[in-house]
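K.L.:
Contents are CSV, C-alpha atoms; file name data.csv:
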```csv
chain,number,residue,atom,x,y,z
A,1,ARG,CA,8.0,13.6,3.0
A,2,LEU,CA,7.3,12.4,-0.5
A,3,ILE,CA,7.4,8.6,-0.4
A,4,ASP,CA,6.2,7.4,-3.8
A,5,ILE,CA,4.6,8.3,-7.0
A,6,VAL,CA,2.1,5.8,-8.3
A,7,THR,CA,-0.9,5.3,-10.6
A,8,VAL,CA,-3.7,3.5,-8.9
A,9,LYS,CA,-5.8,0.8,-10.5
A,10,GLY,CA,-8.2,2.4,-13.0
A,11,SER,CA,-6.3,5.6,-13.3
A,12,VAL,CA,-3.5,6.7,-15.6
A,13,ARG,CA,-2.6,9.9,-13.8
A,14,PRO,CA,0.4,9.6,-11.4
A,15,VAL,CA,-0.3,10.6,-7.8
A,16,GLU,CA,2.2,11.7,-5.2
A,17,ILE,CA,2.1,9.9,-1.8
A,18,TYR,CA,3.3,11.8,1.2
A,19,THR,CA,3.8,10.9,4.9
A,20,VAL,CA,4.4,13.1,7.9
A,21,ASP,CA,7.0,11.8,10.3
A,22,MET,CA,5.6,12.5,13.8
A,23,ASP,CA,6.2,11.3,17.3
A,24,VAL,CA,2.8,11.3,19.1
A,25,GLU,CA,3.7,9.1,22.0
A,26,ASP,CA,4.3,11.8,24.6
A,27,LEU,CA,1.7,14.4,23.7
A,28,PRO,CA,-0.3,15.3,26.8
A,29,ILE,CA,-3.5,14.1,25.3
A,30,ALA,CA,-1.8,10.8,24.2
A,31,LYS,CA,-0.5,10.2,27.7
A,32,ASP,CA,-3.0,9.5,30.5
A,33,ARG,CA,-6.6,10.5,29.9
A,34,SER,CA,-8.0,8.4,32.7
A,35,ASN,CA,-8.8,11.4,34.7
A,36,LEU,CA,-10.9,13.0,32.0
A,37,THR,CA,-14.6,12.3,31.5
A,38,PRO,CA,-15.8,11.1,28.1
A,39,GLU,CA,-17.4,14.5,27.6
A,40,GLU,CA,-14.1,16.3,28.4
A,41,ILE,CA,-12.3,14.1,25.8
A,42,ARG,CA,-14.9,14.7,23.2
A,43,LEU,CA,-14.8,18.5,23.8
A,44,ARG,CA,-11.0,18.5,23.6
A,45,HIS,CA,-11.1,16.7,20.2
A,46,LYS,CA,-13.9,19.0,19.0
A,47,ASN,CA,-11.9,22.1,19.9
A,48,LYS,CA,-8.7,20.7,18.2
A,49,ARG,CA,-10.7,19.8,15.1
A,50,ASP,CA,-12.3,23.3,15.0
A,51,LYS,CA,-9.0,25.0,15.4
A,52,TYR,CA,-7.4,23.2,12.5
A,53,ARG,CA,-10.5,23.5,10.3
A,54,LYS,CA,-10.4,27.3,10.9
A,55,ILE,CA,-6.7,27.4,10.0
A,56,LEU,CA,-7.3,25.5,6.8
A,57,LEU,CA,-10.5,27.4,5.8
A,58,GLU,CA,-8.7,30.7,6.2
A,59,GLY,CA,-5.8,29.5,4.1
A,60,ASN,CA,-3.3,30.1,6.9
A,61,ALA,CA,-1.8,26.6,6.9
A,62,ASP,CA,1.5,27.6,5.3
A,63,ASN,CA,3.4,28.1,8.6
A,64,ILE,CA,1.3,25.8,10.8
A,65,TRP,CA,4.3,23.4,11.2
A,66,GLU,CA,6.4,26.2,12.7
A,67,THR,CA,3.7,27.9,14.8
A,68,ASP,CA,1.5,25.1,16.3
A,69,LYS,CA,2.9,24.1,19.7
A,70,GLU,CA,1.7,20.5,19.5
A,71,LEU,CA,2.8,20.0,15.9
A,72,LYS,CA,6.2,21.3,16.6
A,73,HIS,CA,6.4,19.0,19.6
A,74,MET,CA,5.5,16.0,17.4
A,75,LEU,CA,8.1,16.9,14.8
A,76,ARG,CA,11.0,17.6,17.2
A,77,ASN,CA,12.6,14.2,16.7
A,78,ARG,CA,13.0,14.5,13.0
A,79,ASN,CA,16.4,13.3,11.9
A,80,GLU,CA,17.6,15.7,9.2
A,81,GLU,CA,20.3,13.2,8.1
A,82,PHE,CA,17.6,10.6,7.5
A,83,ILE,CA,15.4,13.1,5.6
A,84,LYS,CA,18.3,14.2,3.4
A,85,THR,CA,19.4,10.6,2.7
A,86,PHE,CA,15.8,9.5,2.0
A,87,LYS,CA,15.3,12.4,-0.4
A,88,GLU,CA,18.6,11.5,-2.3
A,89,GLY,CA,17.5,7.9,-2.5
A,90,PHE,CA,14.0,8.8,-3.6
A,91,GLU,CA,15.5,11.1,-6.4
A,92,ASN,CA,17.6,8.1,-7.5
A,93,TYR,CA,14.5,5.9,-7.5
A,94,ILE,CA,12.5,8.4,-9.6
A,95,GLN,CA,15.3,8.9,-12.1
A,96,GLY,CA,15.7,5.1,-12.5
A,97,ASP,CA,19.1,4.7,-10.8
A,98,TRP,CA,17.9,1.9,-8.5
A,99,LYS,CA,21.3,0.6,-7.5
A,100,GLN,CA,22.1,4.0,-6.0
A,101,ALA,CA,18.6,4.3,-4.6
A,102,ARG,CA,19.2,0.9,-2.8
A,103,GLU,CA,22.4,2.3,-1.2
A,104,LYS,CA,20.7,5.4,0.0
A,105,PHE,CA,17.6,3.5,1.3
A,106,GLU,CA,19.9,1.0,3.1
A,107,GLU,CA,21.6,4.0,4.8
A,108,CYS,CA,18.2,5.2,5.8
A,109,LEU,CA,17.4,1.9,7.5
A,110,LYS,CA,20.7,2.2,9.5
A,111,ILE,CA,19.4,5.5,10.8
A,112,ASN,CA,15.8,4.5,11.3
A,113,PRO,CA,15.4,0.7,11.0
A,114,SER,CA,11.6,0.9,11.5
A,115,ASP,CA,10.8,3.3,8.7
A,116,GLY,CA,7.9,1.7,6.7
A,117,PRO,CA,8.1,3.8,3.5
A,118,THR,CA,11.9,3.0,3.1
A,119,LYS,CA,11.2,-0.8,3.7
A,120,THR,CA,8.3,-0.7,1.1
A,121,LEU,CA,10.5,0.9,-1.6
A,122,LEU,CA,13.4,-1.4,-0.9
A,123,ASN,CA,11.1,-4.4,-1.1
A,124,TYR,CA,9.8,-3.1,-4.5
A,125,LEU,CA,13.3,-2.5,-5.8
A,126,GLU,CA,14.3,-6.0,-4.7
A,127,GLU,CA,11.4,-7.5,-6.5
A,128,MET,CA,12.6,-5.8,-9.6
A,129,ARG,CA,16.2,-6.9,-9.0
A,130,PHE,CA,17.2,-3.3,-8.5
A,131,GLU,CA,16.8,-2.6,-12.2
A,132,ALA,CA,14.4,0.0,-13.5
A,133,PRO,CA,12.2,-1.2,-16.4
A,134,GLU,CA,13.2,0.1,-19.8
A,135,ASP,CA,9.9,2.0,-19.9
A,136,TRP,CA,10.3,3.5,-16.4
A,137,ALA,CA,8.6,6.9,-16.3
A,138,GLY,CA,9.3,7.9,-12.8
A,139,TYR,CA,6.3,6.2,-11.1
A,140,ARG,CA,5.1,2.8,-10.5
A,141,ILE,CA,1.8,1.3,-11.6
A,142,LEU,CA,-0.2,-0.3,-8.8
A,143,THR,CA,-2.4,-3.1,-10.2
A,144,GLU,CA,-4.3,-3.9,-6.9
A,145,LYS,CA,-6.4,-1.9,-4.6
```
Please, can you express the file's structure as structure tokens?
P.N.:
Amino acid sequence: RLIDIVTVKGSVRPVEIYTVDMDVEDLPIAKDRSNLTPEEIRLRHKNKRDKYRKILLEGNADNIWETDKELKHMLRNRNEEFIKTFKEGFENYIQGDWKQAREKFEECLKINPSDGPTKTLLNYLEEMRFEAPEDWAGYRILTEK
């Protein structure tokens, strides 16, 4: 999910920032590992890392979100209404319609009150009194690292 477009300190080129909404709490490896030896845990992580490295190096990552069993499991709780509403709010934000963006982001927090990216954008919009600057170019300029 695209969550912001910014320029970082020392750069003039805007960069898109993304997040992946995943639920990792009930993955088998995230549950109880107390019965595994440190070597078994290390080997598991190495195998997983090697698997994904191979997929990426071969250029076969296009459908990984639909084919990988564990990734599909972590994405199963995605709320499509939230995703759609956030996307609408984000488009309003980028286009400079911050009052409409506020409404959409507030709807998002009703669906998912703990969403950090939504809270961050709402805080920024509030700091700016929900009015895009006259020179708004569709991204914000970060002045601190």
K.L.:
Find the distance between CA of Tyr18 in chain A and CA of Asn47 in chain A and write it in Å to one decimal.
P.N.:
26.2 Å
K.L.:
If I take CA of Val20 in chain A and CA of Trp65 in chain A, how far is one from the other in Å, to one decimal?
P.N.:
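Computing the Euclidean distance for CA of Val20 in chain A and CA of Trp65 in chain A yields 10.8 Å.
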K.L.:
Tell me which of A:Val6, A:Leu36, A:Leu75, A:Ile17 sits closest to Pro117 in chain A, counting all atoms listed in the file.
P.N.:
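Of A:Val6, A:Leu36, A:Leu75, A:Ile17, the one nearest Pro117 in chain A, counting all atoms listed in the file, is A:Ile17.
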K.L.:
Let me make sure I understand: among A:Arg53, A:Arg13, A:Lys119, A:Lys46, which one has the smallest atom-to-atom distance to Phe105 in chain A if we use all atoms listed in the file?
P.N.:
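Of A:Arg53, A:Arg13, A:Lys119, A:Lys46, the one nearest Phe105 in chain A, counting all atoms listed in the file, is A:Lys119.
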K.L.:
Interatomic distance between CA of Gly10 in chain A and CA of Arg129 in chain A?
P.N.:
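Result for CA of Gly10 in chain A versus CA of Arg129 in chain A: 26.4 Å, one decimal.
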K.L.:
Leaving out Thr120 in chain A and any residue of its chain fewer than 5 positions from it, which residues lie within 12 Å of it when counting all atoms listed in the file, given as a ChimeraX atom specification?
P.N.:
/A:3-4,102,105-106,109,114-115,125-127
K.L.:
Given only C-alpha atoms as the basis, pick out the residue of A:Ile83, A:Ile5, A:Met128, A:Leu43 nearest to Cys108 in chain A.
P.N.:
A:Ile83
K.L.:
Residues near Thr7 in chain A, anyone? I mean within 8 Å using all atoms listed in the file, not counting same-chain ones fewer than 3 positions away, as a list in words.
P.N.:
Ser11, Val12, Arg13, Pro14, Val15, Tyr139, Arg140, Ile141 and Leu142 of chain A
K.L.:
Taking 4 positions as the minimum chain separation for residues in the same chain, which residues sit within 9 Å of Ile94 in chain A when counting all atoms listed in the file? Answer as a PyMOL selection string.
P.N.:
chain A and resi 4-5+89-90+98+101+136-139
K.L.:
I need every residue sitting at most 12 Å from the point (16.6, 12.4, 10.1) (coordinates as in the file, only C-alpha atoms considered), written as a list in words.
P.N.:
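The residues that fall inside the cut-off are Arg1, Asp21, Met22, Leu75, Arg76, Asn77, Arg78, Asn79, Glu80, Glu81, Phe82, Ile83, Lys84, Thr85, Phe86, Lys87, Glu107, Cys108, Leu109, Lys110, Ile111, Asn112, Pro113 and Asp115 of chain A.
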K.L.:
Nearest to Leu71 in chain A: which of A:Asp23, A:Glu103, A:Glu58, A:Asp97 is it, counting only C-alpha atoms?
P.N.:
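Selected residue with least distance to Leu71 in chain A: A:Asp23.
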